[in-house]
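Novice: Got a structure here, written out as structure tokens. Questions coming.
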Amino acid sequence: MDSMESMISSLQTYMSLAFFLFTGVFLIFALALKILRSSPWCSCDVCRAYASSSWTAEFDNLCDWYTHLLRLSPTRTIHIHILGNTITANPDNVEHMLKTRFDNFPKGKHFSTILGDLLGHGIFNVDGDSWLFQRKMASLELGSNSVRSYAARIVADEVHDRLLPFLSSVAGTGGVIDLQDVFRRFAFDSISKISFGLDRGCLELPVPMTEFAAAFDLASKLSAQRATATCASTWKVKRLFNWGSEKELQRAIRLVNVLAEEVIRQRRKLGFTENHDLLSRFMGSVNEGKYLRDIVISFLLAGRDTVASGLTSFFLELSKNTRVQRAIQDEINRVVRNSSCEFDQVVSHEHIKEMHYVHAALYETLRLYPPVQLDSKFCLEDDVLPDGTFVSKGTRVTYHPYAMGRMEDAWGPDCEVFRPERWLCNGVFKPENPFKFPVFQAGLRVCLGKEMAIMQMKTVIVSIVRAFDINVINETSSSRSRPPKFAPGLTASFASGLMARVSRRTSNDGTCSC
């Protein structure tokens, strides 16, 4: 009897193992079949180059290879079939996507899935009612004079109390610093006060702020890499089993969440009913923690990364163009000549608004180095772009500001030359068609923080150029014909940072400026 029960028990064990083995094999087979069916294969030269990464033999950056391909296209539109992606640098197509047929080109579920773990339901990752609500709230605040004045005061204080003293201490020792890191820290401190009403010092965090910054950068990088995968099922399976890069991503996001939750906790602790910061305004209407977390992450992405990217690129170009540097210094001297502003003081917002050449130099930087190099939408229904390109339902359609700034038919034969004068008419700044220059997006999704970001960057630029000489010493700065190597991410950043030596500038009368 015992032997019979033992045989039955063994048989049950074998049957269970066989069942689980069969189930596992079936699941692997089904998954492989799904991957094969969902991966559009193409043997054209462009898709083979993308799949094999052979383009890296000639180009350091994917964005530069795309720019090369778009220049060769008569319509300034190309297709990466294995990604299911149509990419364009044609201003008419951009206007069609962002304005004329806006409703047919939303962010889409696919894009929201790619960035959902990091950005959640923040304004940059949603469509429909959620997007409308967040945009309405943000536009009411960012468009008000009181909030703009509040932001200008914070930026001026941050420059005067932290940025200039730090650069002065470095200049006194002849040391070398990473400007990209400096500008990221400055932008984080500024956005924390503008958007959250908090100073970095009041946050009670379990690890140093540098670890949170590193986690944010890693999460941005790994989220962006999802979008470049030829098969979305690959990263989805890795996420399901918590493997490899997806395991790293989730670990980074958990640390980012700690920072966001502490920001929300401190804002609630200090109260939010009578504050000018943006988070307090949202908290007056929304109290759900996950939703507020997504808003905090979106503000950090917009306020820290984009401003730091623009400033870093500006000083890279300025270090290579002494003529432009002299022109900026001359304009600053002319505008503030009759004011009582000392070199260690921040030039007033009213004076900065008068500096058209500075404005032009900043826009010229953003033309060549847009903080967001490309932006994707998804086509809801079959459509035809103005250049005649047919776009089928479900296609990812990407416009490419980085490439658009390098198109000869749009900007002339000197399109790769840093020339601020192209933005001036009789010495006065003249804006371009936003669909030709979609650095701040355009149409209904145009960036609400545009004016605030420009104010912030110009304040930093004028304050630094007025008091210091910045000598970039990266190897990339000596190679004028080859763009710097970018790090993967949702916003543009230099892979090796931007190392520079800071020295005090002497004024025209030979005295030290600070």
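Naming works like this for the structure tokens: A, B, ... for the chains as they're shown, residue 1 at the start of each chain, ligands 1 onward in shown order.
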Any idea what's packed within 12 Å of Gly143 (chain A), counting only C-alpha atoms, ignoring anything in its chain fewer than 3 positions away? Could you give it as a PyMOL selection string?
Specialist: chain A and resi 135-140+146-151+278+447-452
Novice: Could those selected residues go to a file with all heavy atoms, as a short mmCIF file (atom, residue, chain, number, x, y, z; two decimals), in the first residue's frame?
Specialist:
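What follows is the written file part24.cif:
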data_model
loop_
_atom_site.label_atom_id
_atom_site.label_comp_id
_atom_site.auth_asym_id
_atom_site.auth_seq_id
_atom_site.Cartn_x
_atom_site.Cartn_y
_atom_site.Cartn_z
N ARG A 135 -2.16 71.72 -18.23
CA ARG A 135 -1.74 72.87 -19.03
C ARG A 135 -2.49 74.14 -18.59
O ARG A 135 -1.90 75.22 -18.51
CB ARG A 135 -1.98 72.62 -20.51
CG ARG A 135 -1.42 73.73 -21.39
CD ARG A 135 -1.42 73.36 -22.85
NE ARG A 135 -0.89 74.47 -23.63
CZ ARG A 135 0.39 74.71 -23.86
NH1 ARG A 135 1.30 73.89 -23.36
NH2 ARG A 135 0.78 75.74 -24.59
N LYS A 136 -3.78 74.00 -18.30
CA LYS A 136 -4.55 75.16 -17.85
C LYS A 136 -4.01 75.68 -16.53
O LYS A 136 -3.82 76.90 -16.36
CB LYS A 136 -6.02 74.78 -17.71
CG LYS A 136 -6.90 75.94 -17.27
CD LYS A 136 -8.36 75.50 -17.17
CE LYS A 136 -9.24 76.66 -16.71
NZ LYS A 136 -10.67 76.25 -16.60
N MET A 137 -3.73 74.77 -15.60
CA MET A 137 -3.19 75.18 -14.30
C MET A 137 -1.83 75.86 -14.47
O MET A 137 -1.58 76.92 -13.88
CB MET A 137 -3.04 73.95 -13.40
CG MET A 137 -4.34 73.38 -12.89
SD MET A 137 -5.09 74.40 -11.60
CE MET A 137 -3.91 74.17 -10.26
N ALA A 138 -0.97 75.25 -15.27
CA ALA A 138 0.38 75.81 -15.45
C ALA A 138 0.33 77.14 -16.17
O ALA A 138 1.08 78.07 -15.84
CB ALA A 138 1.25 74.82 -16.22
N SER A 139 -0.55 77.27 -17.17
CA SER A 139 -0.58 78.51 -17.94
C SER A 139 -1.12 79.67 -17.10
O SER A 139 -0.68 80.81 -17.24
CB SER A 139 -1.43 78.32 -19.21
OG SER A 139 -2.76 78.54 -19.01
N LEU A 140 -2.06 79.39 -16.21
CA LEU A 140 -2.58 80.45 -15.33
C LEU A 140 -1.48 81.01 -14.44
O LEU A 140 -1.43 82.21 -14.16
CB LEU A 140 -3.72 79.90 -14.47
CG LEU A 140 -5.06 79.65 -15.18
CD1 LEU A 140 -6.03 78.94 -14.25
CD2 LEU A 140 -5.66 80.96 -15.68
N SER A 146 2.85 88.21 -11.44
CA SER A 146 3.34 87.99 -10.08
C SER A 146 4.29 86.79 -10.03
O SER A 146 5.33 86.84 -9.35
CB SER A 146 2.17 87.78 -9.12
OG SER A 146 1.41 86.64 -9.47
N VAL A 147 3.94 85.72 -10.73
CA VAL A 147 4.79 84.53 -10.73
C VAL A 147 6.09 84.81 -11.48
O VAL A 147 7.17 84.37 -11.07
CB VAL A 147 4.05 83.32 -11.34
CG1 VAL A 147 5.00 82.15 -11.56
CG2 VAL A 147 2.91 82.90 -10.42
N ARG A 148 6.01 85.54 -12.58
CA ARG A 148 7.22 85.87 -13.34
C ARG A 148 8.16 86.74 -12.52
O ARG A 148 9.38 86.55 -12.54
CB ARG A 148 6.86 86.56 -14.65
CG ARG A 148 6.22 85.63 -15.68
CD ARG A 148 6.02 86.32 -17.01
NE ARG A 148 5.42 85.41 -17.99
CZ ARG A 148 5.18 85.73 -19.24
NH1 ARG A 148 5.48 86.95 -19.69
NH2 ARG A 148 4.65 84.85 -20.08
N SER A 149 7.60 87.70 -11.79
CA SER A 149 8.43 88.55 -10.93
C SER A 149 9.03 87.73 -9.79
O SER A 149 10.20 87.91 -9.44
CB SER A 149 7.58 89.69 -10.35
OG SER A 149 7.09 90.52 -11.38
N TYR A 150 8.22 86.83 -9.25
CA TYR A 150 8.68 85.94 -8.20
C TYR A 150 9.85 85.09 -8.70
O TYR A 150 10.89 84.96 -8.03
CB TYR A 150 7.51 85.06 -7.77
CG TYR A 150 7.84 83.89 -6.87
CD1 TYR A 150 8.17 84.06 -5.53
CD2 TYR A 150 7.78 82.58 -7.37
CE1 TYR A 150 8.44 82.97 -4.71
CE2 TYR A 150 8.05 81.49 -6.55
CZ TYR A 150 8.38 81.69 -5.22
OH TYR A 150 8.64 80.62 -4.42
N ALA A 151 9.73 84.54 -9.90
CA ALA A 151 10.79 83.71 -10.48
C ALA A 151 12.05 84.52 -10.75
O ALA A 151 13.17 84.07 -10.50
CB ALA A 151 10.30 83.06 -11.77
N LEU A 278 4.64 76.85 -7.98
CA LEU A 278 3.69 76.13 -8.82
C LEU A 278 3.11 74.90 -8.13
O LEU A 278 1.93 74.58 -8.31
CB LEU A 278 4.39 75.71 -10.13
CG LEU A 278 4.90 76.87 -10.99
CD1 LEU A 278 5.65 76.35 -12.19
CD2 LEU A 278 3.75 77.76 -11.45
N CYS A 447 5.79 75.50 -25.38
CA CYS A 447 6.30 75.47 -24.00
C CYS A 447 5.79 76.66 -23.19
O CYS A 447 6.03 77.82 -23.54
CB CYS A 447 7.83 75.47 -24.02
SG CYS A 447 8.59 75.56 -22.40
N LEU A 448 5.12 76.38 -22.07
CA LEU A 448 4.59 77.44 -21.22
C LEU A 448 5.69 78.14 -20.43
O LEU A 448 5.54 79.29 -20.04
CB LEU A 448 3.56 76.87 -20.26
CG LEU A 448 2.28 76.32 -20.89
CD1 LEU A 448 1.45 75.59 -19.84
CD2 LEU A 448 1.47 77.44 -21.52
N GLY A 449 6.78 77.44 -20.17
CA GLY A 449 7.87 78.02 -19.39
C GLY A 449 8.94 78.69 -20.23
O GLY A 449 10.02 79.02 -19.71
N LYS A 450 8.65 78.93 -21.50
CA LYS A 450 9.64 79.49 -22.42
C LYS A 450 10.23 80.81 -21.92
O LYS A 450 11.46 80.96 -21.81
CB LYS A 450 9.00 79.70 -23.79
CG LYS A 450 9.84 80.48 -24.78
CD LYS A 450 9.06 80.75 -26.06
CE LYS A 450 9.80 81.70 -26.98
NZ LYS A 450 9.04 81.99 -28.21
N GLU A 451 9.37 81.77 -21.60
CA GLU A 451 9.86 83.09 -21.18
C GLU A 451 10.65 83.00 -19.88
O GLU A 451 11.65 83.70 -19.70
CB GLU A 451 8.68 84.06 -21.04
CG GLU A 451 7.94 84.34 -22.33
CD GLU A 451 8.85 84.86 -23.43
OE1 GLU A 451 9.78 85.64 -23.11
OE2 GLU A 451 8.64 84.49 -24.60
N MET A 452 10.20 82.15 -18.97
CA MET A 452 10.90 81.99 -17.70
C MET A 452 12.28 81.37 -17.91
O MET A 452 13.26 81.79 -17.29
CB MET A 452 10.07 81.13 -16.75
CG MET A 452 10.58 81.12 -15.32
SD MET A 452 9.52 80.15 -14.22
CE MET A 452 8.01 81.14 -14.25
#
Novice: Fewer than 6 positions away in the same chain doesn't count, so skip those; otherwise give me all residues within 12 Å of Thr100 (chain A), counting only C-alpha atoms, as a short mmCIF file (atom, residue, chain, number, x, y, z; two decimals) with all heavy atoms, in the first residue's frame.
Specialist:
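Ended up saving to around.cif:
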data_model
loop_
_atom_site.label_atom_id
_atom_site.label_comp_id
_atom_site.auth_asym_id
_atom_site.auth_seq_id
_atom_site.Cartn_x
_atom_site.Cartn_y
_atom_site.Cartn_z
N ASP A 92 6.89 72.57 -42.81
CA ASP A 92 5.48 72.43 -43.17
C ASP A 92 4.88 71.19 -42.50
O ASP A 92 3.73 71.21 -42.05
CB ASP A 92 5.32 72.33 -44.69
CG ASP A 92 5.69 73.62 -45.40
OD1 ASP A 92 5.62 74.69 -44.75
OD2 ASP A 92 6.06 73.57 -46.58
N ASN A 93 5.66 70.12 -42.43
CA ASN A 93 5.19 68.91 -41.76
C ASN A 93 5.02 69.13 -40.26
O ASN A 93 4.08 68.62 -39.64
CB ASN A 93 6.17 67.76 -41.98
CG ASN A 93 6.20 67.28 -43.42
OD1 ASN A 93 5.32 67.60 -44.22
ND2 ASN A 93 7.22 66.50 -43.76
N VAL A 94 5.93 69.90 -39.68
CA VAL A 94 5.86 70.20 -38.25
C VAL A 94 4.59 70.99 -37.95
O VAL A 94 3.88 70.70 -36.98
CB VAL A 94 7.11 70.97 -37.79
CG1 VAL A 94 6.98 71.36 -36.31
CG2 VAL A 94 8.37 70.14 -38.00
N ASP A 383 -2.93 59.57 -42.73
CA ASP A 383 -2.78 60.99 -43.04
C ASP A 383 -1.73 61.16 -44.13
O ASP A 383 -0.94 60.24 -44.41
CB ASP A 383 -2.36 61.75 -41.78
CG ASP A 383 -2.79 63.20 -41.80
OD1 ASP A 383 -3.02 63.75 -42.90
OD2 ASP A 383 -2.90 63.82 -40.71
N VAL A 384 -1.72 62.33 -44.73
CA VAL A 384 -0.69 62.69 -45.72
C VAL A 384 -0.07 64.01 -45.29
O VAL A 384 -0.77 65.01 -45.11
CB VAL A 384 -1.29 62.83 -47.14
CG1 VAL A 384 -0.19 63.24 -48.13
CG2 VAL A 384 -1.93 61.52 -47.59
N LEU A 385 1.25 64.01 -45.08
CA LEU A 385 1.95 65.22 -44.69
C LEU A 385 2.05 66.19 -45.87
O LEU A 385 1.92 65.77 -47.03
CB LEU A 385 3.35 64.87 -44.18
CG LEU A 385 3.42 63.93 -42.97
CD1 LEU A 385 4.88 63.65 -42.60
CD2 LEU A 385 2.67 64.50 -41.79
N PRO A 386 2.25 67.48 -45.62
CA PRO A 386 2.31 68.46 -46.70
C PRO A 386 3.36 68.15 -47.77
O PRO A 386 3.21 68.57 -48.93
CB PRO A 386 2.65 69.76 -45.97
CG PRO A 386 2.03 69.59 -44.63
CD PRO A 386 2.24 68.15 -44.29
N PHE A 435 7.56 76.98 -36.35
CA PHE A 435 7.56 75.65 -36.96
C PHE A 435 8.87 75.40 -37.72
O PHE A 435 9.18 74.25 -38.03
CB PHE A 435 6.35 75.50 -37.89
CG PHE A 435 5.05 75.71 -37.17
CD1 PHE A 435 4.32 76.89 -37.35
CD2 PHE A 435 4.56 74.77 -36.28
CE1 PHE A 435 3.13 77.10 -36.68
CE2 PHE A 435 3.37 74.97 -35.60
CZ PHE A 435 2.65 76.13 -35.80
N ALA A 442 5.57 74.12 -30.57
CA ALA A 442 4.80 75.15 -31.27
C ALA A 442 3.34 74.73 -31.25
O ALA A 442 3.01 73.62 -30.82
CB ALA A 442 5.31 75.32 -32.71
N GLY A 443 2.47 75.61 -31.71
CA GLY A 443 1.06 75.28 -31.73
C GLY A 443 0.48 75.16 -30.33
O GLY A 443 0.87 75.88 -29.40
N LEU A 444 -0.43 74.21 -30.13
CA LEU A 444 -1.14 74.08 -28.86
C LEU A 444 -0.27 73.56 -27.73
O LEU A 444 -0.59 73.74 -26.55
CB LEU A 444 -2.35 73.15 -29.04
CG LEU A 444 -3.45 73.67 -29.98
CD1 LEU A 444 -4.56 72.65 -30.13
CD2 LEU A 444 -4.02 74.99 -29.47
#
Novice: Looking only at the backbone, which of the residues in region 360-439 of chain A does DSSP tag as strand (DSSP E or B), as an MDAnalysis selection string?
Specialist: chainID A and resid 375:378 383:384 390:391 396:399 424:425 428:429 439
Novice: Calculated over only C-alpha atoms, which of the candidates A:Cys231, A:Val126, A:Ala187, A:Val296 has the smallest distance to His81 (chain A)?
Specialist: A:Cys231
Novice: If you count only C-alpha atoms, which residues fall within 9 Å of Arg251 (chain A), apart from same-chain ones fewer than 5 positions away, as a ChimeraX atom specification?
Specialist: /A:215,219,246,256
Novice: Could you write out the selected residues, including C-alpha atoms, as a tab-separated table (two decimals), in the first residue's frame?
Specialist:
chain	number	residue	atom	x	y	z
A	215	ALA	CA	19.58	58.49	-10.45
A	219	ALA	CA	16.43	57.05	-15.39
A	246	GLU	CA	15.12	47.50	-16.63
A	256	VAL	CA	13.84	59.61	-7.78
Novice: List the spatial neighbours of Ile328 (chain A) as an MDAnalysis selection string - criterion: any atom at most 10 Å away, only C-alpha atoms, same-chain residues fewer than 2 positions off excluded.
Specialist: chainID A and resid 318 322:326 330:334 355:359 361 461:462 465:466
Novice: Given only C-alpha atoms as the basis, pick out the residue of A:Ser223, A:Thr173, A:Thr75, A:Ser195 nearest to Asn90 (chain A).
Specialist: A:Thr75
Novice: What does the structure give for the distance between CA of Thr459 (chain A) and CA of Ala152 (chain A), in Å to one decimal?
Specialist: 8.8 Å
Novice: Point out the residue among A:Leu62, A:Leu301, A:Ile82, A:Ala308 with the least atom-to-atom distance to Cys42 (chain A), counting only C-alpha atoms.
Specialist: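 Using only C-alpha atoms, the shortest distance to Cys42 (chain A) belongs to A:Ile82.
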Novice: Using only C-alpha atoms, which protein or nucleic acid residues come within 12 Å of Arg226 (chain A)? Drop anything in the same chain fewer than 2 positions from it, and give the result as a short mmCIF file (atom, residue, chain, number, x, y, z; two decimals) with N, CA, C and O atoms, in the first residue's frame.
Specialist:
data_model
loop_
_atom_site.label_atom_id
_atom_site.label_comp_id
_atom_site.auth_asym_id
_atom_site.auth_seq_id
_atom_site.Cartn_x
_atom_site.Cartn_y
_atom_site.Cartn_z
N LEU A 83 11.86 50.70 -36.88
CA LEU A 83 11.32 51.38 -35.70
C LEU A 83 9.87 51.79 -35.91
O LEU A 83 9.21 52.28 -34.98
N HIS A 110 1.63 54.43 -26.92
CA HIS A 110 2.96 53.80 -27.02
C HIS A 110 4.02 54.67 -26.36
O HIS A 110 4.85 54.18 -25.58
N PHE A 111 4.00 55.96 -26.67
CA PHE A 111 4.96 56.89 -26.09
C PHE A 111 4.77 56.99 -24.58
O PHE A 111 5.74 56.98 -23.81
N SER A 112 3.51 57.04 -24.13
CA SER A 112 3.23 57.13 -22.70
C SER A 112 3.73 55.90 -21.96
O SER A 112 4.18 55.99 -20.82
N THR A 113 3.68 54.74 -22.63
CA THR A 113 4.17 53.50 -22.02
C THR A 113 5.69 53.54 -21.86
O THR A 113 6.24 53.14 -20.83
N ILE A 114 6.37 54.03 -22.88
CA ILE A 114 7.83 54.10 -22.86
C ILE A 114 8.33 54.94 -21.68
O ILE A 114 9.25 54.56 -20.96
N LEU A 115 7.70 56.09 -21.46
CA LEU A 115 8.15 57.01 -20.42
C LEU A 115 7.30 56.96 -19.16
O LEU A 115 7.54 57.71 -18.22
N GLY A 116 6.32 56.07 -19.15
CA GLY A 116 5.37 56.05 -18.04
C GLY A 116 5.97 55.77 -16.68
O GLY A 116 5.55 56.34 -15.68
N ASP A 117 6.96 54.88 -16.61
CA ASP A 117 7.56 54.55 -15.32
C ASP A 117 8.23 55.75 -14.69
O ASP A 117 8.22 55.91 -13.46
N LEU A 118 8.84 56.61 -15.51
CA LEU A 118 9.52 57.80 -14.98
C LEU A 118 8.58 58.99 -14.87
O LEU A 118 8.49 59.62 -13.82
N ALA A 219 17.81 57.34 -15.02
CA ALA A 219 16.43 57.05 -15.39
C ALA A 219 16.07 57.68 -16.72
O ALA A 219 15.38 57.07 -17.55
N SER A 220 16.55 58.89 -16.96
CA SER A 220 16.32 59.57 -18.23
C SER A 220 16.99 58.81 -19.37
O SER A 220 16.40 58.58 -20.43
N LYS A 221 18.22 58.39 -19.15
CA LYS A 221 18.98 57.66 -20.17
C LYS A 221 18.30 56.34 -20.53
O LYS A 221 18.09 56.04 -21.72
N LEU A 222 17.95 55.54 -19.53
CA LEU A 222 17.39 54.22 -19.79
C LEU A 222 15.97 54.31 -20.35
O LEU A 222 15.57 53.48 -21.17
N SER A 223 15.22 55.33 -19.96
CA SER A 223 13.88 55.54 -20.54
C SER A 223 14.00 55.89 -22.02
O SER A 223 13.22 55.41 -22.85
N ALA A 224 14.97 56.74 -22.34
CA ALA A 224 15.18 57.14 -23.74
C ALA A 224 15.62 55.94 -24.58
O ALA A 224 15.24 55.83 -25.75
N THR A 228 14.57 53.63 -28.60
CA THR A 228 15.46 53.30 -29.72
C THR A 228 15.51 51.80 -29.98
O THR A 228 16.18 51.37 -30.92
N ALA A 229 14.81 51.00 -29.17
CA ALA A 229 14.82 49.55 -29.35
C ALA A 229 14.04 49.16 -30.60
O ALA A 229 12.95 49.68 -30.85
N THR A 230 14.59 48.24 -31.39
CA THR A 230 13.90 47.81 -32.60
C THR A 230 12.70 46.92 -32.28
O THR A 230 11.84 46.71 -33.13
N CYS A 231 12.66 46.40 -31.06
CA CYS A 231 11.53 45.56 -30.64
C CYS A 231 11.14 45.94 -29.21
O CYS A 231 11.89 45.69 -28.27
N ALA A 232 9.96 46.53 -29.06
CA ALA A 232 9.51 46.98 -27.74
C ALA A 232 9.32 45.81 -26.79
O ALA A 232 9.46 45.97 -25.57
N SER A 233 9.03 44.64 -27.33
CA SER A 233 8.82 43.47 -26.46
C SER A 233 10.06 43.14 -25.65
O SER A 233 9.96 42.59 -24.54
N THR A 234 11.23 43.48 -26.18
CA THR A 234 12.48 43.14 -25.49
C THR A 234 12.55 43.82 -24.13
O THR A 234 12.77 43.15 -23.10
N TRP A 235 12.35 45.16 -24.10
CA TRP A 235 12.44 45.84 -22.80
C TRP A 235 11.24 45.52 -21.92
O TRP A 235 11.34 45.53 -20.69
N LYS A 236 10.10 45.22 -22.53
CA LYS A 236 8.93 44.87 -21.72
C LYS A 236 9.14 43.54 -21.00
O LYS A 236 8.72 43.39 -19.84
N VAL A 237 9.76 42.57 -21.67
CA VAL A 237 10.06 41.29 -21.02
C VAL A 237 11.09 41.50 -19.91
O VAL A 237 10.97 40.94 -18.81
N LYS A 238 12.11 42.31 -20.19
CA LYS A 238 13.13 42.60 -19.17
C LYS A 238 12.49 43.28 -17.96
O LYS A 238 12.88 43.01 -16.82
N ARG A 239 11.52 44.15 -18.20
CA ARG A 239 10.83 44.79 -17.08
C ARG A 239 10.00 43.78 -16.31
O ARG A 239 9.96 43.80 -15.07
N SER A 245 18.94 46.21 -17.80
CA SER A 245 18.74 47.66 -17.80
C SER A 245 17.42 48.05 -17.15
O SER A 245 17.32 49.12 -16.53
N GLU A 246 16.41 47.19 -17.26
CA GLU A 246 15.12 47.50 -16.63
C GLU A 246 15.21 47.42 -15.10
O GLU A 246 14.54 48.17 -14.40
N LEU A 249 16.79 50.64 -14.19
CA LEU A 249 15.82 51.73 -14.32
C LEU A 249 14.90 51.78 -13.12
O LEU A 249 14.67 52.87 -12.56
N PRO A 488 23.18 59.61 -23.97
CA PRO A 488 21.77 59.24 -24.19
C PRO A 488 20.89 59.82 -23.08
O PRO A 488 21.31 59.89 -21.92
N GLY A 489 19.70 60.27 -23.43
CA GLY A 489 18.80 60.82 -22.42
C GLY A 489 17.63 61.53 -23.06
O GLY A 489 17.57 61.70 -24.28
N LEU A 490 16.68 61.96 -22.24
CA LEU A 490 15.51 62.68 -22.73
C LEU A 490 15.86 64.10 -23.13
O LEU A 490 15.14 64.72 -23.92
#
